[in-house]
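S.K.: Structure incoming, see below.
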Amino acid sequence: MRQARPADLEDLLALEARCFAQTEGLFNRRQLRYLLASPHCAWLISGRFEGAICLLVAGNGRGRWGRLYSLAVDPAHRNQGIARRLLDASFAWFREQGVAVVRAEVKSDNRAARRLYASLGFEEQGTLPDYYGSGHPGVKLYRRL
């Protein structure tokens with residue numbers, strides 16, 4: 001695992017394109033460039049771009065919380081534990097940032113991801129109608145570190 005750098009932009013764009021459709025939250029070049037430069041975000045990369053996770057730290061005045069903004073595992077490298085390793089590394093990074101609560105969203109029909117998140121202690125906190133486009137609801141997830 002390592003943190004991404006601005007020089008990783010093209011590889012991250014390619015990974016995103018292999019993993020997501022436009023209706024699934026695919027980042028464009030401008031968004032990725034912004035997220036790579038943001039002091040509130042970090043991208044963790046597994047291996048040679050087998051997977052990546054974007055982490056966001058925010059605060060609401062009462063406390064700091066973290067958000068798993070994007071988790072992408074190359075289809076050729078799925079079912080090898082990469083997502084779990086990326087999530088474990090993200091929890092360690094969040095703890096270093098003083099974050100006690102992590103939030104995420106997942107497509108409601110993504111059963112594999114929902115099982116993975118549940119196995120890591122996430123609780124489902126409700127649904128998000130049309131979150132991934134018309135007729136594609138999401139599920140809100142929450143976990144204390």
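FYI, nothing fancy with the structure tokens labels: chains A, B, ... in order, residues from 1 per chain, ligands from 1 as they appear.
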Report the closest atom pair, with its distance in Å rounded to one decimal, for each residue of stretch 13-76 of chain A that has an atom no farther than 12 Å from stretch 136-140 of chain A; count only C-alpha atoms, sort by chain and then rising residue number, and write it as a tab-separated table.

M.R.:
residue	atom	partner	partner_atom	distance
A:Thr23	CA	A:His136	CA	8.8
A:Glu24	CA	A:His136	CA	9.0
A:Gly25	CA	A:Gly138	CA	11.4
A:Arg67	CA	A:Lys140	CA	11.0
A:Leu68	CA	A:Lys140	CA	11.2

S.K.: Keeping only N, CA and C atoms, take the residues you just selected and write them out as a tab-separated table (two decimals), in the first residue's frame.

M.R.:
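Just written: again_7.tsv:
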chain	number	residue	atom	x	y	z
A	23	THR	N	-22.73	6.13	-14.47
A	23	THR	CA	-23.82	6.21	-13.50
A	23	THR	C	-23.43	5.69	-12.12
A	24	GLU	N	-22.22	5.17	-11.98
A	24	GLU	CA	-21.78	4.61	-10.70
A	24	GLU	C	-20.80	5.50	-9.97
A	25	GLY	N	-20.70	6.75	-10.35
A	25	GLY	CA	-19.83	7.66	-9.64
A	25	GLY	C	-18.43	7.74	-10.20
A	67	ARG	N	-14.77	9.59	5.40
A	67	ARG	CA	-15.66	9.02	4.39
A	67	ARG	C	-14.83	8.22	3.40
A	68	LEU	N	-15.31	7.02	3.13
A	68	LEU	CA	-14.74	6.23	2.04
A	68	LEU	C	-15.43	6.74	0.78

S.K.: Name the residues in contact with stretch 118-128 of chain A at a cut-off of 9 Å, using only C-alpha atoms, excluding same-chain residues fewer than 3 positions from it; report them as an NGL selection string.

M.R.: :A and (84 or 87-88 or 102-105 or 108 or 113-115 or 131-132 or 136-144)

S.K.: Find the residues around A:Leu56 up to 12 Å (only C-alpha atoms counted), leave out those fewer than 5 positions away in its own chain, and share them as a list in words.

M.R.: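 Neighbouring residues, sequence-local ones excluded: Leu35, Leu36, Ala37, Ser38, Pro39, His40, Cys41, Ala42, Trp43, Leu44, Arg64, Trp65, Gly66, Arg67, Leu68, Tyr69, Ser70, Ser90, Phe91, Trp93, Phe94, Gln97, Val99, Val101, Val102, Arg103 and Ala104 of chain A.
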
S.K.: Among chain A, which residues does DSSP mark as alpha helix (DSSP H) when it is run on the backbone? Keep the chain and numbering as in the structure and answer as a PyMOL selection string.

M.R.: chain A and resi 9-19+29-37+82-96+111-119

S.K.: Those same residues - N, CA and C atoms - I'd like them written as a CSV table (one decimal), in the first residue's frame.

M.R.:
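Dumped everything to part_14.csv:
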chain,number,residue,atom,x,y,z
A,9,LEU,N,-2.3,10.2,-11.7
A,9,LEU,CA,-3.6,10.6,-12.2
A,9,LEU,C,-4.0,9.7,-13.4
A,10,GLU,N,-3.2,9.5,-14.3
A,10,GLU,CA,-3.6,8.6,-15.5
A,10,GLU,C,-3.9,7.2,-15.1
A,11,ASP,N,-3.1,6.6,-14.2
A,11,ASP,CA,-3.4,5.3,-13.8
A,11,ASP,C,-4.7,5.2,-13.0
A,12,LEU,N,-5.0,6.2,-12.2
A,12,LEU,CA,-6.2,6.2,-11.4
A,12,LEU,C,-7.4,6.4,-12.3
A,13,LEU,N,-7.3,7.2,-13.3
A,13,LEU,CA,-8.4,7.4,-14.3
A,13,LEU,C,-8.7,6.1,-15.0
A,14,ALA,N,-7.6,5.3,-15.4
A,14,ALA,CA,-7.8,4.1,-16.1
A,14,ALA,C,-8.4,3.0,-15.1
A,15,LEU,N,-8.0,3.0,-13.9
A,15,LEU,CA,-8.6,2.1,-12.9
A,15,LEU,C,-10.1,2.4,-12.7
A,16,GLU,N,-10.4,3.7,-12.6
A,16,GLU,CA,-11.8,4.1,-12.4
A,16,GLU,C,-12.6,3.6,-13.6
A,17,ALA,N,-12.1,3.8,-14.8
A,17,ALA,CA,-12.8,3.4,-16.0
A,17,ALA,C,-13.0,1.9,-16.1
A,18,ARG,N,-12.1,1.1,-15.6
A,18,ARG,CA,-12.2,-0.4,-15.6
A,18,ARG,C,-13.3,-0.8,-14.6
A,19,CYS,N,-13.5,0.0,-13.5
A,19,CYS,CA,-14.3,-0.4,-12.4
A,19,CYS,C,-15.7,0.1,-12.4
A,29,ARG,N,-11.4,13.6,-15.0
A,29,ARG,CA,-10.0,14.0,-14.8
A,29,ARG,C,-10.0,15.2,-13.8
A,30,ARG,N,-10.8,16.2,-14.0
A,30,ARG,CA,-10.8,17.4,-13.1
A,30,ARG,C,-11.1,17.0,-11.7
A,31,GLN,N,-12.1,16.1,-11.4
A,31,GLN,CA,-12.4,15.7,-10.1
A,31,GLN,C,-11.2,14.9,-9.5
A,32,LEU,N,-10.6,14.0,-10.2
A,32,LEU,CA,-9.5,13.3,-9.7
A,32,LEU,C,-8.3,14.2,-9.4
A,33,ARG,N,-8.0,15.1,-10.2
A,33,ARG,CA,-6.9,16.0,-10.0
A,33,ARG,C,-7.2,16.8,-8.7
A,34,TYR,N,-8.4,17.3,-8.5
A,34,TYR,CA,-8.8,18.0,-7.3
A,34,TYR,C,-8.6,17.1,-6.1
A,35,LEU,N,-9.1,15.9,-6.1
A,35,LEU,CA,-9.0,15.0,-5.0
A,35,LEU,C,-7.6,14.6,-4.7
A,36,LEU,N,-6.7,14.5,-5.7
A,36,LEU,CA,-5.3,14.2,-5.4
A,36,LEU,C,-4.6,15.3,-4.7
A,37,ALA,N,-5.0,16.5,-5.0
A,37,ALA,CA,-4.4,17.7,-4.4
A,37,ALA,C,-5.0,18.2,-3.1
A,82,ILE,N,-8.0,-7.8,-1.9
A,82,ILE,CA,-7.5,-6.5,-2.0
A,82,ILE,C,-8.4,-5.4,-1.4
A,83,ALA,N,-9.7,-5.5,-1.6
A,83,ALA,CA,-10.6,-4.6,-1.0
A,83,ALA,C,-10.5,-4.6,0.5
A,84,ARG,N,-10.4,-5.7,1.1
A,84,ARG,CA,-10.3,-5.8,2.6
A,84,ARG,C,-9.0,-5.2,3.1
A,85,ARG,N,-7.9,-5.5,2.3
A,85,ARG,CA,-6.6,-4.8,2.7
A,85,ARG,C,-6.6,-3.3,2.6
A,86,LEU,N,-7.3,-2.8,1.5
A,86,LEU,CA,-7.4,-1.4,1.3
A,86,LEU,C,-8.3,-0.8,2.4
A,87,LEU,N,-9.3,-1.5,2.8
A,87,LEU,CA,-10.2,-0.9,3.9
A,87,LEU,C,-9.4,-1.0,5.2
A,88,ASP,N,-8.7,-2.0,5.5
A,88,ASP,CA,-7.9,-2.1,6.8
A,88,ASP,C,-6.9,-1.0,6.8
A,89,ALA,N,-6.2,-0.7,5.7
A,89,ALA,CA,-5.3,0.4,5.6
A,89,ALA,C,-6.0,1.7,5.8
A,90,SER,N,-7.2,1.9,5.2
A,90,SER,CA,-7.9,3.1,5.4
A,90,SER,C,-8.3,3.4,6.9
A,91,PHE,N,-8.6,2.3,7.6
A,91,PHE,CA,-9.0,2.5,9.0
A,91,PHE,C,-7.7,3.0,9.8
A,92,ALA,N,-6.6,2.4,9.5
A,92,ALA,CA,-5.3,2.9,10.1
A,92,ALA,C,-5.1,4.4,9.8
A,93,TRP,N,-5.2,4.7,8.5
A,93,TRP,CA,-5.0,6.1,8.1
A,93,TRP,C,-6.0,7.1,8.8
A,94,PHE,N,-7.3,6.7,8.9
A,94,PHE,CA,-8.3,7.5,9.6
A,94,PHE,C,-7.9,7.7,11.1
A,95,ARG,N,-7.5,6.6,11.7
A,95,ARG,CA,-7.1,6.7,13.1
A,95,ARG,C,-5.9,7.7,13.3
A,96,GLU,N,-5.0,7.7,12.4
A,96,GLU,CA,-3.9,8.6,12.4
A,96,GLU,C,-4.3,10.1,12.3
A,111,ARG,N,-24.3,-6.8,-3.5
A,111,ARG,CA,-24.4,-7.7,-2.4
A,111,ARG,C,-23.0,-8.1,-1.8
A,112,ALA,N,-22.0,-8.3,-2.8
A,112,ALA,CA,-20.7,-8.6,-2.3
A,112,ALA,C,-20.1,-7.5,-1.5
A,113,ALA,N,-20.2,-6.2,-1.9
A,113,ALA,CA,-19.7,-5.1,-1.2
A,113,ALA,C,-20.4,-5.0,0.2
A,114,ARG,N,-21.7,-5.1,0.2
A,114,ARG,CA,-22.5,-5.0,1.4
A,114,ARG,C,-22.0,-6.1,2.4
A,115,ARG,N,-21.8,-7.3,2.0
A,115,ARG,CA,-21.3,-8.4,2.8
A,115,ARG,C,-19.9,-8.0,3.4
A,116,LEU,N,-19.0,-7.5,2.5
A,116,LEU,CA,-17.7,-7.1,2.9
A,116,LEU,C,-17.7,-6.0,4.0
A,117,TYR,N,-18.5,-5.0,3.7
A,117,TYR,CA,-18.6,-3.9,4.7
A,117,TYR,C,-19.2,-4.4,6.0
A,118,ALA,N,-20.2,-5.2,6.0
A,118,ALA,CA,-20.8,-5.8,7.2
A,118,ALA,C,-19.7,-6.6,8.0
A,119,SER,N,-18.9,-7.4,7.3
A,119,SER,CA,-17.9,-8.2,7.9
A,119,SER,C,-16.8,-7.3,8.6

S.K.: Please extract the residues of chain A with a backbone DSSP assignment of strand (DSSP E) and present them as a PyMOL selection string.

M.R.: chain A and resi 2-3+41-46+51-59+64-73+101-107+123-128+138-144

S.K.: Please, could you write that set of residues out with N, CA and C atoms as a compact mmCIF listing (two decimals), in the first residue's frame?

M.R.:
# COMPACT_ATOMS: atom_id res chain seq x y z
N ARG A 2 0.40 2.23 -0.72
CA ARG A 2 1.07 3.53 -0.69
C ARG A 2 0.04 4.60 -1.01
N GLN A 3 0.38 5.83 -0.67
CA GLN A 3 -0.50 6.94 -1.01
C GLN A 3 -0.23 7.37 -2.44
N CYS A 41 -8.00 14.85 1.60
CA CYS A 41 -8.18 13.54 0.97
C CYS A 41 -6.85 12.80 0.90
N ALA A 42 -6.98 11.49 0.83
CA ALA A 42 -5.82 10.64 0.55
C ALA A 42 -6.32 9.49 -0.32
N TRP A 43 -5.49 9.08 -1.22
CA TRP A 43 -5.75 7.90 -2.03
C TRP A 43 -4.74 6.84 -1.64
N LEU A 44 -5.21 5.66 -1.28
CA LEU A 44 -4.33 4.53 -1.02
C LEU A 44 -4.41 3.59 -2.21
N ILE A 45 -3.25 3.13 -2.65
CA ILE A 45 -3.17 2.27 -3.82
C ILE A 45 -2.57 0.93 -3.41
N SER A 46 -3.14 -0.14 -3.93
CA SER A 46 -2.64 -1.48 -3.68
C SER A 46 -1.84 -1.96 -4.89
N GLY A 51 -5.96 -1.99 -7.04
CA GLY A 51 -7.09 -1.37 -6.36
C GLY A 51 -6.67 -0.05 -5.77
N ALA A 52 -7.67 0.79 -5.50
CA ALA A 52 -7.42 2.09 -4.89
C ALA A 52 -8.64 2.49 -4.08
N ILE A 53 -8.38 3.29 -3.05
CA ILE A 53 -9.47 3.80 -2.22
C ILE A 53 -9.21 5.27 -1.94
N CYS A 54 -10.25 6.06 -2.07
CA CYS A 54 -10.15 7.49 -1.79
C CYS A 54 -10.76 7.75 -0.43
N LEU A 55 -10.02 8.42 0.44
CA LEU A 55 -10.44 8.70 1.80
C LEU A 55 -10.59 10.20 1.98
N LEU A 56 -11.63 10.60 2.65
CA LEU A 56 -11.90 12.02 2.89
C LEU A 56 -12.08 12.24 4.38
N VAL A 57 -11.43 13.25 4.92
CA VAL A 57 -11.61 13.64 6.32
C VAL A 57 -12.35 14.97 6.33
N ALA A 58 -13.39 15.03 7.15
CA ALA A 58 -14.17 16.26 7.26
C ALA A 58 -14.55 16.47 8.71
N GLY A 59 -15.09 17.62 9.01
CA GLY A 59 -15.56 17.92 10.35
C GLY A 59 -16.85 18.70 10.28
N ARG A 64 -14.56 15.17 14.03
CA ARG A 64 -14.06 14.81 12.70
C ARG A 64 -14.60 13.44 12.33
N TRP A 65 -14.94 13.29 11.08
CA TRP A 65 -15.39 12.01 10.57
C TRP A 65 -14.71 11.74 9.24
N GLY A 66 -14.70 10.49 8.86
CA GLY A 66 -14.08 10.10 7.60
C GLY A 66 -15.10 9.51 6.67
N ARG A 67 -14.77 9.59 5.40
CA ARG A 67 -15.66 9.02 4.39
C ARG A 67 -14.83 8.22 3.40
N LEU A 68 -15.31 7.02 3.13
CA LEU A 68 -14.74 6.23 2.04
C LEU A 68 -15.43 6.74 0.78
N TYR A 69 -14.68 7.48 0.01
CA TYR A 69 -15.25 8.20 -1.12
C TYR A 69 -15.33 7.33 -2.37
N SER A 70 -14.39 6.45 -2.54
CA SER A 70 -14.38 5.55 -3.69
C SER A 70 -13.51 4.35 -3.35
N LEU A 71 -14.00 3.16 -3.66
CA LEU A 71 -13.22 1.93 -3.52
C LEU A 71 -13.31 1.21 -4.86
N ALA A 72 -12.18 1.06 -5.50
CA ALA A 72 -12.14 0.43 -6.82
C ALA A 72 -11.12 -0.70 -6.81
N VAL A 73 -11.55 -1.89 -7.20
CA VAL A 73 -10.65 -3.02 -7.36
C VAL A 73 -10.79 -3.49 -8.80
N VAL A 101 -15.26 8.06 13.38
CA VAL A 101 -16.43 7.54 12.67
C VAL A 101 -16.14 7.57 11.17
N VAL A 102 -16.47 6.48 10.50
CA VAL A 102 -16.30 6.38 9.04
C VAL A 102 -17.65 6.14 8.41
N ARG A 103 -17.90 6.85 7.32
CA ARG A 103 -19.14 6.71 6.55
C ARG A 103 -18.81 6.27 5.14
N ALA A 104 -19.78 5.64 4.51
CA ALA A 104 -19.62 5.21 3.12
C ALA A 104 -21.01 5.04 2.51
N GLU A 105 -21.04 4.86 1.22
CA GLU A 105 -22.26 4.53 0.50
C GLU A 105 -21.93 3.36 -0.42
N VAL A 106 -22.94 2.56 -0.72
CA VAL A 106 -22.76 1.43 -1.63
C VAL A 106 -24.07 1.25 -2.39
N LYS A 107 -23.96 0.76 -3.63
CA LYS A 107 -25.17 0.47 -4.40
C LYS A 107 -25.95 -0.62 -3.67
N GLU A 123 -22.44 -0.66 9.79
CA GLU A 123 -23.88 -0.81 9.96
C GLU A 123 -24.57 -0.05 8.85
N GLU A 124 -25.67 -0.62 8.35
CA GLU A 124 -26.46 0.08 7.35
C GLU A 124 -27.39 1.05 8.06
N GLN A 125 -27.36 2.30 7.59
CA GLN A 125 -28.08 3.39 8.27
C GLN A 125 -29.27 3.92 7.50
N GLY A 126 -29.61 3.34 6.38
CA GLY A 126 -30.74 3.79 5.59
C GLY A 126 -30.45 3.74 4.11
N THR A 127 -31.45 4.08 3.33
CA THR A 127 -31.31 4.05 1.88
C THR A 127 -31.23 5.47 1.31
N LEU A 128 -30.69 5.54 0.12
CA LEU A 128 -30.53 6.80 -0.61
C LEU A 128 -31.18 6.63 -1.98
N GLY A 138 -28.86 3.77 -3.23
CA GLY A 138 -27.68 3.45 -2.45
C GLY A 138 -28.07 3.13 -1.02
N VAL A 139 -27.09 2.65 -0.27
CA VAL A 139 -27.26 2.36 1.15
C VAL A 139 -26.20 3.13 1.90
N LYS A 140 -26.61 3.84 2.95
CA LYS A 140 -25.67 4.57 3.82
C LYS A 140 -25.06 3.61 4.81
N LEU A 141 -23.73 3.71 4.99
CA LEU A 141 -23.00 2.85 5.91
C LEU A 141 -22.29 3.71 6.96
N TYR A 142 -22.10 3.11 8.14
CA TYR A 142 -21.52 3.82 9.27
C TYR A 142 -20.71 2.84 10.09
N ARG A 143 -19.53 3.29 10.54
CA ARG A 143 -18.71 2.44 11.40
C ARG A 143 -17.91 3.30 12.37
N ARG A 144 -17.90 2.90 13.63
CA ARG A 144 -17.01 3.54 14.63
C ARG A 144 -15.68 2.83 14.58

S.K.: Quick one: pull the distance between atom CA of A:Gln22 and atom CA of A:Asp8, Å, one decimal.

M.R.: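 Taking atom CA of A:Gln22 as the start and atom CA of A:Asp8 as the end point, the length is 20.7 Å.
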